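A.B. asks: One file is attached below, my_file-v3.pdb, containing PDB, C-alpha atoms (C1' of nucleotides).
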ATOM      1  CA  MET A   1     264.190 105.281  46.009
ATOM      2  CA  LYS A   2     267.628 104.304  45.056
ATOM      3  CA  LYS A   3     268.560 103.399  41.598
ATOM      4  CA  ILE A   4     270.911 100.535  41.138
ATOM      5  CA  ILE A   5     273.926 101.647  39.196
ATOM      6  CA  PRO A   6     275.702  98.656  37.730
ATOM      7  CA  PRO A   7     279.451  99.064  37.555
ATOM      8  CA  ILE A   8     280.329  99.948  34.011
ATOM      9  CA  THR A   9     283.734  98.587  33.191
ATOM     10  CA  PRO A  10     285.908  99.907  30.367
ATOM     11  CA  LEU A  11     285.442  96.697  28.458
ATOM     12  CA  ALA A  12     281.684  96.847  28.826
ATOM     13  CA  SER A  13     281.775 100.404  27.577
ATOM     14  CA  LEU A  14     283.458  99.293  24.377
ATOM     15  CA  VAL A  15     280.989  96.466  23.977
ATOM     16  CA  TYR A  16     278.060  98.845  24.235
ATOM     17  CA  SER A  17     279.706 101.180  21.794
ATOM     18  CA  VAL A  18     280.007  98.491  19.141
ATOM     19  CA  THR A  19     276.664  96.826  19.805
ATOM     20  CA  GLN A  20     275.002 100.179  19.577
ATOM     21  CA  GLN A  21     276.176 100.521  15.997
ATOM     22  CA  ILE A  22     274.446  97.402  14.791
ATOM     23  CA  PRO A  23     271.832  98.611  12.297
ATOM     24  CA  ARG A  24     268.257  97.417  12.478
ATOM     25  CA  GLY A  25     267.686  94.108  10.770
ATOM     26  CA  ARG A  26     271.342  93.169  11.191
ATOM     27  CA  LEU A  27     273.030  90.768  13.578
ATOM     28  CA  SER A  28     276.361  90.236  15.198
ATOM     29  CA  THR A  29     278.094  87.605  17.256
ATOM     30  CA  TYR A  30     279.848  87.739  20.618
ATOM     31  CA  GLY A  31     283.112  86.716  19.020
ATOM     32  CA  ALA A  32     282.765  89.402  16.381
ATOM     33  CA  ILE A  33     282.169  92.092  18.963
ATOM     34  CA  ALA A  34     285.065  90.819  20.988
ATOM     35  CA  GLN A  35     287.220  91.152  17.907
ATOM     36  CA  ALA A  36     285.845  94.621  17.229
ATOM     37  CA  ILE A  37     286.931  95.831  20.665
ATOM     38  CA  GLY A  38     290.358  94.340  20.281
ATOM     39  CA  ARG A  39     289.814  91.214  22.402
ATOM     40  CA  PRO A  40     289.065  88.430  19.879
ATOM     41  CA  ARG A  41     289.218  85.853  22.677
ATOM     42  CA  ALA A  42     286.958  87.760  25.053
ATOM     43  CA  ALA A  43     283.616  86.603  23.736
ATOM     44  CA  ARG A  44     282.643  85.563  27.258
ATOM     45  CA  ALA A  45     283.445  88.951  28.663
ATOM     46  CA  VAL A  46     281.275  90.432  25.935
ATOM     47  CA  GLY A  47     278.384  88.281  27.045
ATOM     48  CA  GLN A  48     278.833  89.377  30.629
ATOM     49  CA  ALA A  49     278.953  92.992  29.580
ATOM     50  CA  LEU A  50     275.714  92.662  27.642
ATOM     51  CA  ASN A  51     274.162  90.820  30.553
ATOM     52  CA  ARG A  52     274.931  93.763  32.782
ATOM     53  CA  ASN A  53     273.979  96.173  30.024
ATOM     54  CA  PRO A  54     272.282  99.133  31.733
ATOM     55  CA  TYR A  55     271.526 100.885  28.454
ATOM     56  CA  TRP A  56     268.603  99.073  27.023
ATOM     57  CA  PRO A  57     267.150  99.344  24.488
ATOM     58  CA  VAL A  58     269.803 101.896  23.580
ATOM     59  CA  VAL A  59     272.091  98.930  23.206
ATOM     60  CA  PRO A  60     270.329  96.382  20.986
ATOM     61  CA  CYS A  61     271.771  93.359  22.735
ATOM     62  CA  GLN A  62     269.045  91.267  21.114
ATOM     63  CA  ARG A  63     270.944  91.551  17.846
ATOM     64  CA  VAL A  64     273.879  89.712  19.326
ATOM     65  CA  VAL A  65     273.853  85.955  18.958
ATOM     66  CA  GLY A  66     276.299  83.091  19.135
ATOM     67  CA  SER A  67     278.692  82.265  16.299
ATOM     68  CA  THR A  68     276.319  79.514  15.228
ATOM     69  CA  GLY A  69     273.340  81.827  15.261
ATOM     70  CA  GLN A  70     272.113  80.421  18.528
ATOM     71  CA  LEU A  71     270.047  82.794  20.627
ATOM     72  CA  THR A  72     271.578  82.669  24.057
ATOM     73  CA  GLY A  73     271.076  84.491  27.301
ATOM     74  CA  PHE A  74     268.846  87.539  27.557
ATOM     75  CA  ALA A  75     268.012  88.232  31.159
ATOM     76  CA  THR A  76     264.521  89.504  30.374
ATOM     77  CA  GLY A  77     263.678  86.248  28.693
ATOM     78  CA  LEU A  78     264.912  84.490  25.625
ATOM     79  CA  ASN A  79     261.352  84.564  24.421
ATOM     80  CA  LYS A  80     261.495  88.357  24.280
ATOM     81  CA  LYS A  81     264.701  88.295  22.316
ATOM     82  CA  ARG A  82     263.169  86.072  19.690
ATOM     83  CA  GLN A  83     260.206  88.374  19.383
ATOM     84  CA  LEU A  84     262.355  91.465  18.964
ATOM     85  CA  LEU A  85     264.464  89.883  16.258
ATOM     86  CA  GLN A  86     261.450  88.652  14.350
ATOM     87  CA  GLN A  87     260.052  92.131  14.656
ATOM     88  CA  GLU A  88     263.063  93.317  12.666
ATOM     89  CA  GLY A  89     262.417  90.872   9.896
ATOM     90  CA  ILE A  90     264.831  88.244  11.087
ATOM     91  CA  VAL A  91     263.682  84.671  10.755
ATOM     92  CA  ILE A  92     264.270  82.541  13.789
ATOM     93  CA  LYS A  93     263.745  78.856  14.293
ATOM     94  CA  ASN A  94     264.135  76.932  17.506
ATOM     95  CA  ASN A  95     266.086  79.726  19.185
ATOM     96  CA  CYS A  96     268.419  79.894  16.205
ATOM     97  CA  VAL A  97     268.886  82.520  13.505
ATOM     98  CA  THR A  98     268.363  80.903  10.143
ATOM     99  CA  ASP A  99     269.671  83.866   8.194
ATOM    100  CA  LEU A 100     273.278  84.385   9.198
ATOM    101  CA  ALA A 101     273.736  86.400   6.014
ATOM    102  CA  ARG A 102     272.374  89.357   7.941
ATOM    103  CA  VAL A 103     275.279  89.239  10.363
ATOM    104  CA  PHE A 104     277.040  92.569  10.559
ATOM    105  CA  TYR A 105     280.404  91.051  11.372
ATOM    106  CA  GLN A 106     280.934  87.492  10.324
ATOM    107  CA  PRO A 107     284.087  85.907  11.754
ATOM    108  CA  HIS A 108     283.156  82.363  10.921
ATOM    109  CA  LEU A 109     283.054  82.867   7.193
TER     110      LEU A 109
ATOM    111  C1'  DC B   1     295.620  86.638  45.229
ATOM    112  C1'  DG B   2     293.119  82.161  44.205
ATOM    113  C1'  DT B   3     288.658  80.189  42.915
ATOM    114  C1'  DG B   4     284.305  79.956  40.614
ATOM    115  C1'  DT B   5     281.244  81.396  37.085
ATOM    116  C1'  DG B   6     279.267  82.930  32.614
ATOM    117  C1'  DA B   7     274.603  85.751  27.231
ATOM    118  C1'  DC B   8     281.619  82.129  24.063
ATOM    119  C1'  DT B   9     284.468  79.689  20.509
ATOM    120  C1'  DC B  10     287.089  76.087  18.423
ATOM    121  C1'  DG B  11     288.855  71.520  17.405
ATOM    122  C1'  DG B  12     288.446  66.589  17.671
ATOM    123  C1'  DT B  13     285.523  62.448  17.696
TER     124       DT B  13
ATOM    125  C1'  DG C   1     274.909  68.120  13.426
ATOM    126  C1'  DA C   2     275.796  66.601  18.409
ATOM    127  C1'  DC C   3     278.823  65.765  22.443
ATOM    128  C1'  DC C   4     283.018  66.678  24.986
ATOM    129  C1'  DG C   5     287.081  68.976  26.477
ATOM    130  C1'  DA C   6     290.171  72.927  26.579
ATOM    131  C1'  DG C   7     291.341  77.837  25.982
ATOM    132  C1'  DC C   8     290.252  82.402  26.757
ATOM    133  C1'  DC C   9     288.652  87.004  29.241
ATOM    134  C1'  DA C  10     286.633  89.808  32.901
ATOM    135  C1'  DC C  11     284.302  90.090  37.242
ATOM    136  C1'  DA C  12     282.501  88.848  42.087
ATOM    137  C1'  DC C  13     283.800  86.923  46.428
TER     138       DC C  13
END
Show me this structure written as structure tokens.
C.D. replies:
Amino acid sequence: MKKIIPPITPLASLVYSVTQQIPRGRLSTYGAIAQAIGRPRAARAVGQALNRNPYWPVVPCQRVVGSTGQLTGFATGLNKKRQLLQQEGIVIKNNCVTDLARVFYQPHL
DNA sequence: CGTGTGACTCGGT
DNA sequence: GACCGAGCCACAC
């Protein structure tokens, strides 16, 4: 059986690298990651990279949320994402992180 | 090479 | 806080 090998782009590689460093119980935002890889305006590209993320759960993409704390995306189900975050002690309400103080990088503050 | 799309963000109303 | 529009980046076709 053939294994699908998603094309890993240089940008995606950087995204994984940064996302991978997010400690347990911490969060980050797409914009923050974009900034961390040197593309502060590439938040969308970051999202695409995570969407194609082949290294899971090596890359804790569940710890990446929107700048407003909104849980977005997650191909395997947003429901799963919420569960994983709660499992790390993060309080979530209505698909939104209520504790943005746990954000690793906080660009909006 | 132009167009469309997406797990985004910001500013104005 | 919500809605809308525009800017921005990378990728697939």
A.B. asks: Could you please tell me, as number ranges by chain, which residues of chain A have an atom within 12 Å of chain B when using all atoms listed in the file?
C.D. replies: A: 29-34, 40-53, 61-68, 70-78, 81, 107-108
A.B. asks: Measure the distance from CA of Pro57 in chain A to CA of Ala101 in chain A in Å and round it to one decimal.
C.D. replies: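 So the two atoms, CA of Pro57 in chain A and CA of Ala101 in chain A, lie 23.5 Å apart.
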A.B. asks: Could the residues of chain C within 9 Å of chain A, counting only C-alpha atoms (C1' of nucleotides), be given as a CSV table (one decimal) with C-alpha atoms (C1' of nucleotides), keeping the file's coordinate frame, please?
C.D. replies:
chain,number,residue,atom,x,y,z
C,7,DG,C1',291.3,77.8,26.0
C,8,DC,C1',290.3,82.4,26.8
C,9,DC,C1',288.7,87.0,29.2
C,10,DA,C1',286.6,89.8,32.9
C,11,DC,C1',284.3,90.1,37.2
A.B. asks: Report the distance between CA of Pro10 in chain A and CA of Phe104 in chain A in Å, rounded to one decimal place.
C.D. replies: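 That distance, rounded to one decimal, is 22.9 Å.
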A.B. asks: Could you state the separation of CA of Ala36 in chain A and CA of Arg102 in chain A in Å, given to one decimal place?
C.D. replies: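 So the two atoms, CA of Ala36 in chain A and CA of Arg102 in chain A, lie 17.2 Å apart.
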A.B. asks: Draw an axis-aligned box tight on the listed atoms of chain C, then pad every side by 4 Å and write out centre and edge lengths in Å to one decimal as lines of an AutoDock Vina configuration file.
C.D. replies:
center_x = 283.1
center_y = 77.9
center_z = 29.9
size_x = 24.4
size_y = 32.3
size_z = 41.0
